[in-house]
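Engineer: Contents are mmCIF, C-alpha atoms; file name coords06.cif:
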```cif
data_structure
loop_
_atom_site.label_atom_id
_atom_site.label_comp_id
_atom_site.auth_asym_id
_atom_site.auth_seq_id
_atom_site.Cartn_x
_atom_site.Cartn_y
_atom_site.Cartn_z
CA MET U 1040 0.00 0.00 0.00
CA PRO U 1041 1.49 3.41 -0.90
CA PRO U 1042 2.34 5.83 1.90
CA PRO U 1043 -0.28 8.43 2.75
CA HIS U 1044 0.22 12.07 1.81
CA SER U 1045 -0.07 14.70 4.51
CA THR U 1046 -2.32 17.65 3.70
CA SER U 1047 -3.71 20.43 5.80
CA ASP U 1048 -7.34 19.25 5.48
CA ARG U 1049 -6.81 15.53 6.15
CA LYS U 1050 -6.01 13.71 9.37
CA ILE U 1051 -2.90 11.55 9.34
CA PRO U 1052 -3.88 7.85 9.44
CA THR U 1053 -1.51 5.13 10.52
CA TYR U 1054 -1.17 2.21 8.12
CA ILE U 1055 0.23 -1.13 9.18
CA VAL U 1056 0.94 -3.43 6.26
CA ALA U 1057 0.54 -7.08 7.25
CA PRO U 1058 0.67 -10.19 5.09
CA PRO U 1059 -2.66 -11.81 4.39
CA ALA U 1060 -3.27 -14.67 6.78
CA ASN U 1061 -5.79 -16.58 4.66
CA ARG U 1062 -3.60 -17.36 1.69
CA ALA U 1063 -0.48 -19.49 2.08
CA LYS U 1064 0.77 -18.78 -1.44
CA ASP U 1065 0.64 -15.01 -0.81
CA MET U 1066 2.41 -15.61 2.50
CA GLU U 1067 5.26 -17.30 0.70
CA GLY U 1068 5.79 -14.44 -1.75
CA TYR U 1069 5.65 -11.61 0.81
CA VAL U 1070 8.95 -10.23 2.12
CA GLY U 1071 7.95 -6.96 3.80
CA PHE U 1072 10.13 -4.22 2.28
CA ALA U 1073 6.98 -2.70 0.78
CA ASN U 1074 6.38 -1.30 4.26
CA LEU U 1075 9.60 0.76 4.21
CA PRO U 1076 7.90 3.97 2.95
CA ASN U 1077 5.48 3.77 5.88
CA GLN U 1078 8.40 3.38 8.29
CA VAL U 1079 10.15 6.41 6.83
CA TYR U 1080 6.92 8.37 6.92
CA ARG U 1081 6.19 7.57 10.58
CA ARG U 1082 9.76 8.35 11.58
CA SER U 1083 9.70 11.69 9.73
CA VAL U 1084 6.40 12.67 11.34
CA LYS U 1085 7.75 11.78 14.77
CA LYS U 1086 11.01 13.63 14.24
CA GLY U 1087 9.44 16.74 12.74
CA PHE U 1088 10.80 19.11 10.14
CA ASP U 1089 13.02 22.18 10.18
CA PHE U 1090 12.62 25.10 7.80
CA THR U 1091 14.37 28.47 7.83
CA LEU U 1092 12.86 31.36 5.93
CA MET U 1093 14.67 34.66 5.44
CA VAL U 1094 12.79 37.84 4.60
CA VAL U 1095 14.78 40.71 3.11
CA GLY U 1096 13.52 44.12 2.05
CA GLU U 1097 13.07 47.69 3.08
CA SER U 1098 10.92 48.61 6.04
CA GLY U 1099 7.23 49.15 5.45
CA LEU U 1100 6.78 46.61 2.62
CA GLY U 1101 4.54 44.26 4.64
CA LYS U 1102 7.05 41.51 5.45
CA SER U 1103 5.65 40.76 8.91
CA THR U 1104 2.05 40.79 7.72
CA LEU U 1105 2.82 38.40 4.86
CA ILE U 1106 4.59 35.94 7.17
CA ASN U 1107 1.59 35.91 9.49
CA SER U 1108 -0.71 35.35 6.50
CA LEU U 1109 1.42 32.52 5.12
CA PHE U 1110 1.37 30.42 8.27
CA LEU U 1111 -2.01 31.60 9.64
CA THR U 1112 -0.47 32.46 12.98
CA ASP U 1113 0.71 35.59 14.78
CA ILE U 1114 4.46 35.13 14.48
CA TYR U 1115 4.70 38.89 14.78
CA SER U 1116 2.27 40.41 17.26
CA ALA U 1117 1.94 43.31 19.66
CA ALA U 1118 4.16 41.49 22.15
CA TYR U 1119 6.78 40.86 19.48
CA PRO U 1120 6.28 43.47 16.74
CA GLY U 1121 7.61 43.21 13.22
CA PRO U 1122 10.78 44.97 12.09
CA SER U 1123 8.98 48.06 10.79
CA GLN U 1124 7.20 48.59 14.15
CA ARG U 1125 10.36 48.70 16.26
CA ILE U 1126 11.78 51.99 17.46
CA LYS U 1127 15.40 50.99 17.04
CA LYS U 1128 16.27 49.71 13.59
CA THR U 1129 19.68 48.36 12.75
CA SER U 1130 21.08 46.12 10.03
CA LYS U 1131 21.65 43.36 12.58
CA VAL U 1132 20.09 40.03 11.61
CA GLU U 1133 17.43 38.75 14.03
CA THR U 1134 15.84 35.31 14.21
CA SER U 1135 12.44 34.16 15.49
CA ASN U 1136 11.79 30.50 16.29
CA VAL U 1137 8.23 29.19 16.09
CA HIS U 1138 6.98 25.64 16.66
CA LEU U 1139 3.97 24.89 14.46
CA LYS U 1140 1.84 21.76 14.50
CA GLU U 1141 -0.72 20.72 11.90
CA ASN U 1142 -2.52 17.37 11.89
CA GLY U 1143 0.24 15.81 13.99
CA VAL U 1144 3.09 17.10 11.81
CA ASN U 1145 5.61 19.28 13.68
CA LEU U 1146 7.36 22.13 11.90
CA ARG U 1147 10.15 24.06 13.59
CA LEU U 1148 10.03 27.31 11.66
CA THR U 1149 12.81 29.89 11.90
CA ILE U 1150 12.17 33.37 10.53
CA VAL U 1151 15.25 35.47 9.79
CA ASP U 1152 14.56 39.17 9.36
CA THR U 1153 16.82 42.15 8.75
CA PRO U 1154 15.32 45.23 10.43
CA GLY U 1155 16.66 48.49 9.07
CA PHE U 1156 17.98 47.01 5.81
CA GLY U 1157 18.28 49.73 3.18
CA ASP U 1158 16.99 52.43 5.53
CA GLN U 1159 20.33 54.09 6.27
CA VAL U 1160 21.70 57.18 4.56
CA ASP U 1161 24.81 55.23 3.58
CA ASN U 1162 23.88 51.66 2.60
CA SER U 1163 27.43 50.58 1.78
CA ASN U 1164 27.99 46.98 2.89
CA CYS U 1165 24.53 46.82 4.47
CA TRP U 1166 24.28 43.27 3.08
CA GLN U 1167 27.32 42.08 5.06
CA PRO U 1168 25.36 40.94 8.18
CA ILE U 1169 23.04 38.89 5.93
CA LEU U 1170 25.92 37.13 4.17
CA GLU U 1171 27.71 36.51 7.47
CA HIS U 1172 24.57 34.98 8.98
CA ILE U 1173 24.15 32.54 6.06
CA ASP U 1174 27.84 31.56 6.16
CA THR U 1175 27.71 31.17 9.94
CA LYS U 1176 24.84 28.68 9.73
CA PHE U 1177 26.67 26.75 7.01
CA GLU U 1178 29.79 26.70 9.19
CA GLU U 1179 27.87 25.46 12.25
CA TYR U 1180 26.35 22.64 10.21
CA LEU U 1181 29.75 21.74 8.72
CA ASN U 1182 31.39 21.68 12.15
CA ALA U 1183 28.64 19.42 13.49
CA GLU U 1184 29.15 17.04 10.55
CA SER U 1185 32.94 17.02 10.95
CA ARG U 1186 33.00 15.95 14.59
CA VAL U 1187 34.02 12.46 15.63
CA ASN U 1188 30.80 12.07 17.58
CA ARG U 1189 28.28 13.78 15.36
CA CYS U 1190 25.33 15.14 17.25
CA SER U 1191 21.86 15.70 15.83
CA LEU U 1192 22.00 19.43 15.20
CA PRO U 1193 18.79 21.17 14.09
CA ASP U 1194 19.05 22.33 10.50
CA LYS U 1195 19.29 26.13 10.83
CA ARG U 1196 20.63 26.70 7.32
CA VAL U 1197 18.67 29.31 5.38
CA HIS U 1198 16.52 27.38 2.92
CA CYS U 1199 14.70 30.22 1.23
CA CYS U 1200 14.97 34.00 0.93
CA LEU U 1201 11.86 36.03 0.15
CA TYR U 1202 13.18 39.23 -1.38
CA PHE U 1203 10.62 42.04 -1.19
CA ILE U 1204 10.71 44.57 -4.04
CA ALA U 1205 9.09 47.97 -3.60
CA PRO U 1206 6.11 48.47 -5.99
CA SER U 1207 7.67 51.50 -7.68
CA GLY U 1208 7.02 50.32 -11.23
CA HIS U 1209 10.53 51.42 -12.28
CA GLY U 1210 12.35 48.13 -11.92
CA LEU U 1211 15.02 47.03 -9.47
CA LYS U 1212 17.10 49.47 -7.46
CA PRO U 1213 20.92 49.23 -7.56
CA LEU U 1214 20.80 47.99 -3.96
CA ASP U 1215 18.42 45.17 -4.95
CA VAL U 1216 20.68 44.09 -7.81
CA GLU U 1217 23.84 44.19 -5.68
CA LEU U 1218 22.33 42.17 -2.82
CA MET U 1219 20.75 39.50 -5.04
CA LYS U 1220 24.03 39.08 -6.94
CA ARG U 1221 25.77 38.39 -3.64
CA LEU U 1222 23.01 36.07 -2.37
CA HIS U 1223 22.10 33.96 -5.40
CA ASP U 1224 24.90 31.41 -4.92
CA LYS U 1225 24.22 31.04 -1.18
CA VAL U 1226 20.43 30.74 -0.87
CA ASN U 1227 17.27 30.16 -2.91
CA ILE U 1228 15.94 33.60 -3.86
CA ILE U 1229 12.24 34.09 -4.52
CA PRO U 1230 11.48 37.69 -5.59
CA LEU U 1231 8.20 39.23 -4.42
CA ILE U 1232 6.47 42.44 -5.42
CA ALA U 1233 5.26 43.83 -2.11
CA LYS U 1234 1.91 45.60 -1.70
CA ALA U 1235 0.73 44.61 -5.17
CA ASP U 1236 -2.66 46.22 -4.47
CA THR U 1237 -1.05 49.59 -5.19
CA LEU U 1238 -0.59 48.60 -8.86
CA THR U 1239 -3.18 48.02 -11.56
CA PRO U 1240 -3.18 44.59 -13.27
CA ASP U 1241 -1.50 46.03 -16.38
CA GLU U 1242 1.11 47.89 -14.32
CA CYS U 1243 1.80 44.73 -12.30
CA LYS U 1244 2.25 42.68 -15.47
CA ASP U 1245 4.66 45.20 -17.00
CA PHE U 1246 6.52 45.50 -13.71
CA LYS U 1247 7.01 41.71 -13.58
CA LYS U 1248 8.43 41.68 -17.12
CA ARG U 1249 10.82 44.50 -16.28
CA ILE U 1250 12.05 42.77 -13.12
CA LEU U 1251 12.63 39.46 -14.92
CA LYS U 1252 14.48 41.30 -17.70
CA GLU U 1253 16.79 43.05 -15.23
CA ILE U 1254 17.38 39.79 -13.34
CA LYS U 1255 18.42 38.13 -16.58
CA GLU U 1256 20.61 41.05 -17.66
CA ASN U 1257 22.46 41.05 -14.33
CA GLU U 1258 22.86 37.23 -14.43
CA ILE U 1259 21.07 36.70 -11.13
CA ASN U 1260 20.05 33.10 -10.43
CA ILE U 1261 16.70 32.86 -8.69
CA TYR U 1262 15.00 29.65 -7.57
CA GLU U 1263 14.17 27.38 -10.50
CA PHE U 1264 11.16 25.10 -10.31
CA PRO U 1265 12.17 21.45 -10.86
CA ASP U 1266 10.68 19.22 -13.53
CA VAL U 1267 8.62 16.34 -12.16
CA GLU U 1268 7.57 13.12 -13.83
CA ASP U 1269 3.88 13.57 -13.15
CA GLU U 1270 2.39 15.56 -16.02
CA GLU U 1271 -0.33 17.17 -13.93
CA GLU U 1272 2.11 18.31 -11.23
CA ASN U 1273 4.50 19.52 -13.91
CA ASN U 1274 1.77 21.69 -15.47
CA VAL U 1275 0.92 23.16 -12.06
CA SER U 1276 4.60 23.85 -11.43
CA LYS U 1277 4.97 25.61 -14.79
CA LYS U 1278 1.90 27.77 -14.14
CA THR U 1279 3.34 28.71 -10.74
CA ALA U 1280 6.73 29.55 -12.30
CA GLU U 1281 5.01 31.86 -14.78
CA ARG U 1282 3.83 34.04 -11.88
CA VAL U 1283 7.38 34.79 -10.68
CA PRO U 1284 8.01 37.38 -9.29
CA PHE U 1285 4.97 36.88 -7.09
CA ALA U 1286 2.82 39.97 -6.60
CA VAL U 1287 1.53 39.58 -3.06
CA VAL U 1288 -0.81 41.28 -0.64
CA GLY U 1289 -0.77 40.52 3.09
CA SER U 1290 -3.46 41.16 5.66
CA ASN U 1291 -4.39 40.00 9.15
CA MET U 1292 -7.93 41.36 8.94
CA ILE U 1293 -11.01 39.17 8.32
CA LEU U 1294 -13.64 41.02 6.25
CA GLU U 1295 -17.05 40.26 4.80
CA ALA U 1296 -17.09 39.96 0.99
CA ASN U 1297 -20.08 38.55 -0.94
CA GLY U 1298 -21.33 36.79 2.15
CA LYS U 1299 -17.98 35.15 2.86
CA ARG U 1300 -15.34 35.88 5.47
CA VAL U 1301 -12.04 36.54 3.71
CA ARG U 1302 -8.62 37.93 4.50
CA GLY U 1303 -8.19 41.24 2.78
CA ARG U 1304 -7.66 44.98 2.88
CA GLN U 1305 -10.56 47.42 2.85
CA TYR U 1306 -10.47 50.32 0.39
CA PRO U 1307 -13.10 52.87 -0.65
CA TRP U 1308 -13.42 51.13 -4.00
CA GLY U 1309 -13.71 47.63 -2.54
CA ILE U 1310 -11.77 44.82 -0.90
CA ALA U 1311 -8.40 43.47 -2.05
CA GLU U 1312 -8.65 39.80 -1.14
CA VAL U 1313 -5.46 38.05 -0.13
CA GLU U 1314 -6.56 34.59 -1.27
CA ASN U 1315 -8.00 35.67 -4.63
CA LEU U 1316 -5.96 34.80 -7.72
CA ASP U 1317 -7.46 37.76 -9.58
CA HIS U 1318 -6.11 40.16 -6.94
CA CYS U 1319 -2.64 38.79 -6.13
CA ASP U 1320 -0.33 35.74 -6.23
CA PHE U 1321 -0.58 34.88 -2.55
CA ILE U 1322 -2.09 31.42 -3.05
CA PRO U 1323 0.53 30.25 -5.61
CA LEU U 1324 3.28 31.53 -3.32
CA ARG U 1325 1.86 29.74 -0.28
CA ASN U 1326 1.30 26.51 -2.18
CA MET U 1327 4.79 26.59 -3.64
CA LEU U 1328 6.51 27.55 -0.40
CA ILE U 1329 4.65 25.22 1.99
CA ARG U 1330 2.65 22.54 0.18
CA THR U 1331 4.62 21.57 -2.93
CA HIS U 1332 8.24 22.81 -2.94
CA MET U 1333 9.36 23.12 0.69
CA GLN U 1334 11.30 19.85 0.51
CA ASP U 1335 12.83 20.82 -2.84
CA LEU U 1336 13.99 24.12 -1.36
CA LYS U 1337 15.70 22.15 1.42
CA ASP U 1338 17.22 19.72 -1.08
CA VAL U 1339 18.61 22.51 -3.28
CA THR U 1340 20.07 24.17 -0.20
CA ASN U 1341 21.71 20.94 0.95
CA ASN U 1342 22.84 19.57 -2.43
CA SER U 1343 23.87 22.81 -4.11
CA HIS U 1344 24.49 25.83 -1.90
CA TYR U 1345 25.77 23.96 1.16
CA GLU U 1346 27.89 21.58 -0.95
CA ASN U 1347 29.55 24.56 -2.67
CA TYR U 1348 30.33 26.10 0.72
CA ARG U 1349 31.54 22.74 2.10
CA CYS U 1350 33.75 22.07 -0.91
CA LYS U 1351 35.36 25.51 -0.72
CA ASN U 1352 36.08 25.20 2.99
CA LEU U 1353 37.46 21.68 2.78
CA SER U 1354 39.57 22.70 -0.21
CA ALA U 1355 40.98 25.52 1.90
CA VAL U 1356 42.38 22.91 4.31
CA THR U 1357 44.62 21.47 1.60
CA ALA U 1358 45.49 24.97 0.42
CA GLY U 1359 46.86 25.81 3.86
CA GLU U 1360 45.49 27.01 7.16
CA GLY U 1361 44.00 30.48 7.06
CA LYS U 1362 43.78 30.57 3.27
CA LYS U 1363 40.63 30.75 1.23
CA ALA U 1364 40.29 28.29 -1.61
CA SER U 1365 39.46 29.93 -4.90
CA SER U 1366 36.35 28.99 -6.84
CA LYS U 1367 38.39 27.27 -9.55
CA MET U 1368 39.97 25.04 -6.88
CA ALA U 1369 36.59 23.75 -5.71
CA GLY U 1370 36.02 20.11 -6.57
CA LYS U 1371 39.64 19.28 -7.44
CA ASN U 1372 41.60 16.53 -5.75
CA PRO U 1373 44.53 17.50 -3.50
CA LEU U 1374 47.22 16.54 -6.07
CA ALA U 1375 45.60 18.66 -8.76
CA GLN U 1376 45.27 21.52 -6.28
CA PHE U 1377 48.92 21.15 -5.28
CA GLU U 1378 50.01 21.23 -8.92
CA GLU U 1379 47.81 24.24 -9.58
CA GLU U 1380 49.18 26.03 -6.53
CA ARG U 1381 52.75 25.20 -7.59
CA ARG U 1382 52.14 26.73 -11.01
CA GLU U 1383 50.51 29.77 -9.45
CA HIS U 1384 53.45 30.09 -7.05
CA GLU U 1385 55.93 29.93 -9.94
CA ILE U 1386 53.94 32.54 -11.83
CA ARG U 1387 53.89 34.77 -8.75
CA MET U 1388 57.65 34.31 -8.22
CA GLN U 1389 58.35 35.08 -11.89
CA LYS U 1390 56.19 38.14 -11.64
CA MET U 1391 57.93 39.24 -8.46
CA LYS U 1392 61.32 38.64 -10.12
CA SER U 1393 60.43 40.75 -13.14
CA GLU U 1394 59.04 43.47 -10.88
CA MET U 1395 62.21 43.46 -8.76
CA GLU U 1396 64.35 43.60 -11.90
CA GLN U 1397 62.33 46.54 -13.13
CA VAL U 1398 62.69 48.28 -9.78
CA PHE U 1399 66.44 47.55 -9.71
CA GLU U 1400 66.88 48.82 -13.27
CA MET U 1401 64.90 51.92 -12.44
CA LYS U 1402 67.03 52.59 -9.35
CA VAL U 1403 70.23 52.04 -11.36
CA GLN U 1404 69.03 54.52 -13.97
CA GLU U 1405 68.15 57.01 -11.26
CA LYS U 1406 71.61 56.57 -9.69
CA LYS U 1407 73.31 57.00 -13.06
CA GLN U 1408 71.32 60.12 -13.71
CA LYS U 1409 72.25 61.50 -10.30
CA LEU U 1410 75.93 60.73 -10.90
CA LYS U 1411 75.73 62.33 -14.33
CA ASP U 1412 74.08 65.42 -12.90
CA SER U 1413 76.70 65.55 -10.15
CA GLU U 1414 79.49 65.18 -12.72
CA MET U 1415 78.05 67.99 -14.80
CA ASP U 1416 77.79 70.18 -11.73
CA LEU U 1417 81.38 69.46 -10.76
CA GLN U 1418 82.48 70.17 -14.33
CA LYS U 1419 80.72 73.51 -14.25
CA ARG U 1420 82.30 74.36 -10.92
CA LEU U 1421 85.72 73.34 -12.27
CA GLU U 1422 85.32 75.55 -15.33
CA THR U 1423 84.23 78.42 -13.12
CA MET U 1424 87.24 77.93 -10.84
CA LYS U 1425 89.58 77.68 -13.85
CA LYS U 1426 88.24 80.94 -15.23
CA SER U 1427 88.62 82.60 -11.84
CA LEU U 1428 92.21 81.35 -11.45
CA GLU U 1429 93.05 82.41 -15.00
CA GLN U 1430 91.67 85.84 -14.30
CA GLN U 1431 93.66 86.09 -11.04
CA LYS U 1432 96.79 84.93 -12.88
CA ASN U 1433 96.33 87.57 -15.55
CA GLU U 1434 95.82 90.21 -12.90
CA LEU U 1435 99.01 89.07 -11.10
CA GLU U 1436 100.96 89.10 -14.38
CA ASN U 1437 99.77 92.61 -15.11
CA ARG U 1438 100.67 93.76 -11.62
CA LYS U 1439 104.06 92.05 -11.93
CA LYS U 1440 104.75 93.80 -15.21
CA GLN U 1441 103.62 97.11 -13.74
CA PHE U 1442 105.85 96.52 -10.72
CA GLN U 1443 108.83 95.72 -12.92
CA VAL U 1444 108.24 98.89 -14.94
CA GLU U 1445 107.94 100.95 -11.80
CA ARG U 1446 111.05 99.27 -10.35
CA ALA U 1447 113.04 99.94 -13.48
CA ALA U 1448 111.89 103.54 -13.44
CA PHE U 1449 112.76 103.85 -9.76
CA GLU U 1450 116.21 102.33 -10.28
CA HIS U 1451 116.79 104.68 -13.21
CA VAL U 1452 115.83 107.66 -11.09
CA MET U 1453 118.04 106.49 -8.22
CA GLU U 1454 120.92 105.93 -10.66
CA GLU U 1455 120.54 109.44 -12.02
CA ARG U 1456 120.50 110.88 -8.53
CA ARG U 1457 123.60 108.96 -7.59
CA LYS U 1458 125.41 110.17 -10.63
CA ASN U 1459 124.38 113.74 -9.95
CA ASP U 1460 125.53 113.50 -6.38
CA THR U 1461 128.88 112.16 -7.49
CA LYS U 1462 129.38 115.01 -9.90
CA LYS U 1463 128.47 117.57 -7.29
CA SER U 1464 130.89 116.13 -4.78
CA LYS U 1465 133.78 116.38 -7.27
CA THR U 1466 133.12 119.99 -8.17
CA LEU U 1467 132.97 121.32 -4.59
CA LYS U 1468 136.08 123.06 -3.12
CA PRO U 1469 137.80 121.44 -0.25
CA GLY U 1470 137.96 124.64 1.93
CA ARG U 1471 134.43 125.28 1.56
CA LEU U 1472 133.43 121.93 2.89
CA PHE U 1473 133.79 123.13 6.50
CA ALA U 1474 132.79 126.68 6.21
CA SER U 1475 131.24 128.27 9.25
CA PRO U 1476 127.66 129.23 9.23
CA GLY U 1477 126.97 132.66 7.93
CA HIS U 1478 129.57 132.50 5.13
CA ASP U 1479 128.73 131.60 1.62
#
```
Would you mind giving the structure from this file in structure tokens?
Structural biologist:
Amino acid sequence: MPPPHSTSDRKIPTYIVAPPANRAKDMEGYVGFANLPNQVYRRSVKKGFDFTLMVVGESGLGKSTLINSLFLTDIYSAAYPGPSQRIKKTSKVETSNVHLKENGVNLRLTIVDTPGFGDQVDNSNCWQPILEHIDTKFEEYLNAESRVNRCSLPDKRVHCCLYFIAPSGHGLKPLDVELMKRLHDKVNIIPLIAKADTLTPDECKDFKKRILKEIKENEINIYEFPDVEDEEENNVSKKTAERVPFAVVGSNMILEANGKRVRGRQYPWGIAEVENLDHCDFIPLRNMLIRTHMQDLKDVTNNSHYENYRCKNLSAVTAGEGKKASSKMAGKNPLAQFEEERREHEIRMQKMKSEMEQVFEMKVQEKKQKLKDSEMDLQKRLETMKKSLEQQKNELENRKKQFQVERAAFEHVMEERRKNDTKKSKTLKPGRLFASPGHD
């Protein structure tokens, strides 16, 4: 007998498959492994399920209201208000743990919200706490798996990210593009158009096309719906995928509409019903997120995003402690990584050698230029000193010549005087040499 399927409107029966006691030939052919699906089912129901949902978007886009509408419970209430209702808003990531039970099935739901995201004047690196939170949960799960005695750690990895886009009608903001490009290889992204009741059906349709176009142009990978073997389920999945990004409306109010009690928002022109396909995509989103694709979201997280993180971190061990393994190293065996690192090291050393040679050559050229400049300066000083000495020499020669002329003239004058004195002494009378004063 096939295992029962759990739905929200059906009680969970317990099936015990037993061999028929009235037929011996059937007893001989019965082994019992057909009961394995029932064993797995009962064990899963007893153990319960973990699911972590991250909501990202600016304040005032109805994130808290939509979460309450999705799970039909007051996860955010007056006692614990939503991010937009808090006085202090920071970019710090906050988590809320809720234990839900439906028809005997336990769901441990973790809501991760980012109050104050995108509300600062300077939003540089405002996505860093979100990325760190996702990596931290991956690291905790990896550490629990790597222990000798592995303990049963609750799965707190982020399985899905609901990214709320403001209903501006002008496409994605640069902040939206930057954050989704950093998140798409770490978590399943499901884009939502918040407060879709502010757009007309035509505006909403055009806005969806513009968002999908920008997502494709920026090479952002959002969650892809898997192909299933069942044709009917495959058609439903394709119809749901055509509604991405989901235009949603959230409300906690129960109103009267056409004699029925519905969740919706009251306006002067009428009621925007939350669970009406003509008004918004809330029902396809809820069915996809909870009823049909919750397990696939967990599988993609475990088999794709977590495996990429695990491979990078384990590759970093072979690359050396404290080093980050590059993306091209992921998935390679240690010998291939060692060979790749050796080639990279040789390339780095060759590059460093060429750079050092260039620096050395440049310094040599600078030194040569300095020596050349110094030589030219010394040469100029030498020429200047030579000219000065030559000038002083010429001056001394001129003074020497002038002195010799003056000396010759002086000696000539002295010679003439001597001769005159000699002549005078010969012509004087001897008696007159001692004449008394008064006589001529």
Engineer: With the PyMOL selection byres ((chain U and resi 1301-1303) around 7) as the selection, what would be picked from this file? Answer as a list of chain:residue names, please.
Structural biologist: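 Checked against the file, the PyMOL selection byres ((chain U and resi 1301-1303) around 7) matches U:Ser1290, U:Asn1291, U:Met1292, U:Ile1293, U:Leu1294, U:Glu1295, U:Ala1296, U:Lys1299, U:Arg1300, U:Arg1304, U:Gln1305, U:Ile1310, U:Ala1311, U:Glu1312, U:Val1313, U:Glu1314.
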Engineer: Extract, using only C-alpha atoms, all DNA, RNA and protein residues at most 7 Å from U:Asp1089, discarding same-chain residues fewer than 6 positions from it, and format them as a PDB file with C-alpha atoms, keeping the file's coordinate frame.
Structural biologist:
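This is the output file out_15.pdb:
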```
ATOM      1  CA  LEU U1146       7.360  22.130  11.900  1.00  0.00           C
ATOM      2  CA  ARG U1147      10.150  24.060  13.590  1.00  0.00           C
ATOM      3  CA  LEU U1148      10.030  27.310  11.660  1.00  0.00           C
ATOM      4  CA  ASP U1194      19.050  22.330  10.500  1.00  0.00           C
TER       5      ASP U1194
END
```
Engineer: Would you pick out the contacts of stretch 1341-1348 of chain U at 7 Å or less, using all atoms listed in the file, so that residues sharing its chain but fewer than 2 positions from it are not included, and give the list as a PyMOL selection string?
Structural biologist: chain U and resi 1177+1224-1226+1337-1339+1350-1352
Engineer: Select, from U:Gln1397, U:Ser1276, U:Asn1459, U:Gln1167, the residue with the minimum atom-to-atom distance to U:His1332, counting only C-alpha atoms.
Structural biologist: U:Ser1276
Engineer: Provide the atom CA of U:Tyr1306 to atom CA of U:Thr1279 distance in Å, to one decimal place.
Structural biologist: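 So the two atoms, atom CA of U:Tyr1306 and atom CA of U:Thr1279, lie 28.0 Å apart.
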Engineer: In terms of the shortest atom-to-atom distance over all atoms listed in the file, which of U:Leu1410, U:Ala1233, U:Met1415, U:Val1144 is closest to U:Glu1097?
Structural biologist: U:Ala1233
Engineer: Hey, what comes out of the PyMOL selection byres ((chain U and resi 1246) around 12) on this file? Could you write it as a ChimeraX atom specification?
Structural biologist: /U:1204-1211,1231-1233,1235,1238-1245,1247-1253,1282-1286
Engineer: Using C-alpha atoms, can you export the residues from the last selection as a compact mmCIF listing (two decimals), in the coordinates of the input?
Structural biologist:
```txt
# COMPACT_ATOMS: atom_id res chain seq x y z
CA ILE U 1204 10.71 44.57 -4.04
CA ALA U 1205 9.09 47.97 -3.60
CA PRO U 1206 6.11 48.47 -5.99
CA SER U 1207 7.67 51.50 -7.68
CA GLY U 1208 7.02 50.32 -11.23
CA HIS U 1209 10.53 51.42 -12.28
CA GLY U 1210 12.35 48.13 -11.92
CA LEU U 1211 15.02 47.03 -9.47
CA LEU U 1231 8.20 39.23 -4.42
CA ILE U 1232 6.47 42.44 -5.42
CA ALA U 1233 5.26 43.83 -2.11
CA ALA U 1235 0.73 44.61 -5.17
CA LEU U 1238 -0.59 48.60 -8.86
CA THR U 1239 -3.18 48.02 -11.56
CA PRO U 1240 -3.18 44.59 -13.27
CA ASP U 1241 -1.50 46.03 -16.38
CA GLU U 1242 1.11 47.89 -14.32
CA CYS U 1243 1.80 44.73 -12.30
CA LYS U 1244 2.25 42.68 -15.47
CA ASP U 1245 4.66 45.20 -17.00
CA LYS U 1247 7.01 41.71 -13.58
CA LYS U 1248 8.43 41.68 -17.12
CA ARG U 1249 10.82 44.50 -16.28
CA ILE U 1250 12.05 42.77 -13.12
CA LEU U 1251 12.63 39.46 -14.92
CA LYS U 1252 14.48 41.30 -17.70
CA GLU U 1253 16.79 43.05 -15.23
CA ARG U 1282 3.83 34.04 -11.88
CA VAL U 1283 7.38 34.79 -10.68
CA PRO U 1284 8.01 37.38 -9.29
CA PHE U 1285 4.97 36.88 -7.09
CA ALA U 1286 2.82 39.97 -6.60
```
Engineer: Distance atom CA of U:Val1151-atom CA of U:Thr1091, one decimal place?
Structural biologist: 7.3 Å
Engineer: Go ahead and compute the interatomic distance for atom CA of U:Pro1154 and atom CA of U:Gly1096, in Å to one decimal.
Structural biologist: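 Value for the atom CA of U:Pro1154-atom CA of U:Gly1096 distance: 8.6 Å.
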Engineer: Can you spell out as a tab-separated table (two decimals) with C-alpha atoms, in the coordinates of the input the set of residues that the PyMOL selection byres ((chain U and resi 1257-1273) around 6) selects in the structure I just provided?
Structural biologist:
```tsv
chain	number	residue	atom	x	y	z
U	1220	LYS	CA	24.03	39.08	-6.94
U	1223	HIS	CA	22.10	33.96	-5.40
U	1227	ASN	CA	17.27	30.16	-2.91
U	1228	ILE	CA	15.94	33.60	-3.86
U	1254	ILE	CA	17.38	39.79	-13.34
U	1255	LYS	CA	18.42	38.13	-16.58
U	1256	GLU	CA	20.61	41.05	-17.66
U	1274	ASN	CA	1.77	21.69	-15.47
U	1275	VAL	CA	0.92	23.16	-12.06
U	1276	SER	CA	4.60	23.85	-11.43
```
Engineer: Looking at all atoms listed in the file, which of U:Glu1385, U:Ser1191, U:Leu1435, U:Ile1173 is the one that sits closest to U:Lys1086?
Structural biologist: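 Closest candidate: U:Ser1191.
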Engineer: Taking all atoms listed in the file into account, which of U:Arg1456, U:Arg1325, U:His1198, U:Lys1407 comes nearest U:Asn1107?
Structural biologist: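 For U:Asn1107, the nearest of the given residues is U:Arg1325.
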Engineer: Of the candidates U:Ser1098, U:Asn1074, U:Asn1162, U:Thr1175, which one gets nearest to U:Phe1203 if we count all atoms listed in the file?
Structural biologist: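 When distances to U:Phe1203 are compared using all atoms listed in the file, the smallest one comes from U:Ser1098.
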Engineer: Find the residue from U:Val1095, U:Leu1214, U:Met1327, U:Leu1105 that sits nearest to U:Glu1133; use all atoms listed in the file when measuring.
Structural biologist: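 Comparing U:Val1095, U:Leu1214, U:Met1327, U:Leu1105 against U:Glu1133, the winner is U:Val1095.
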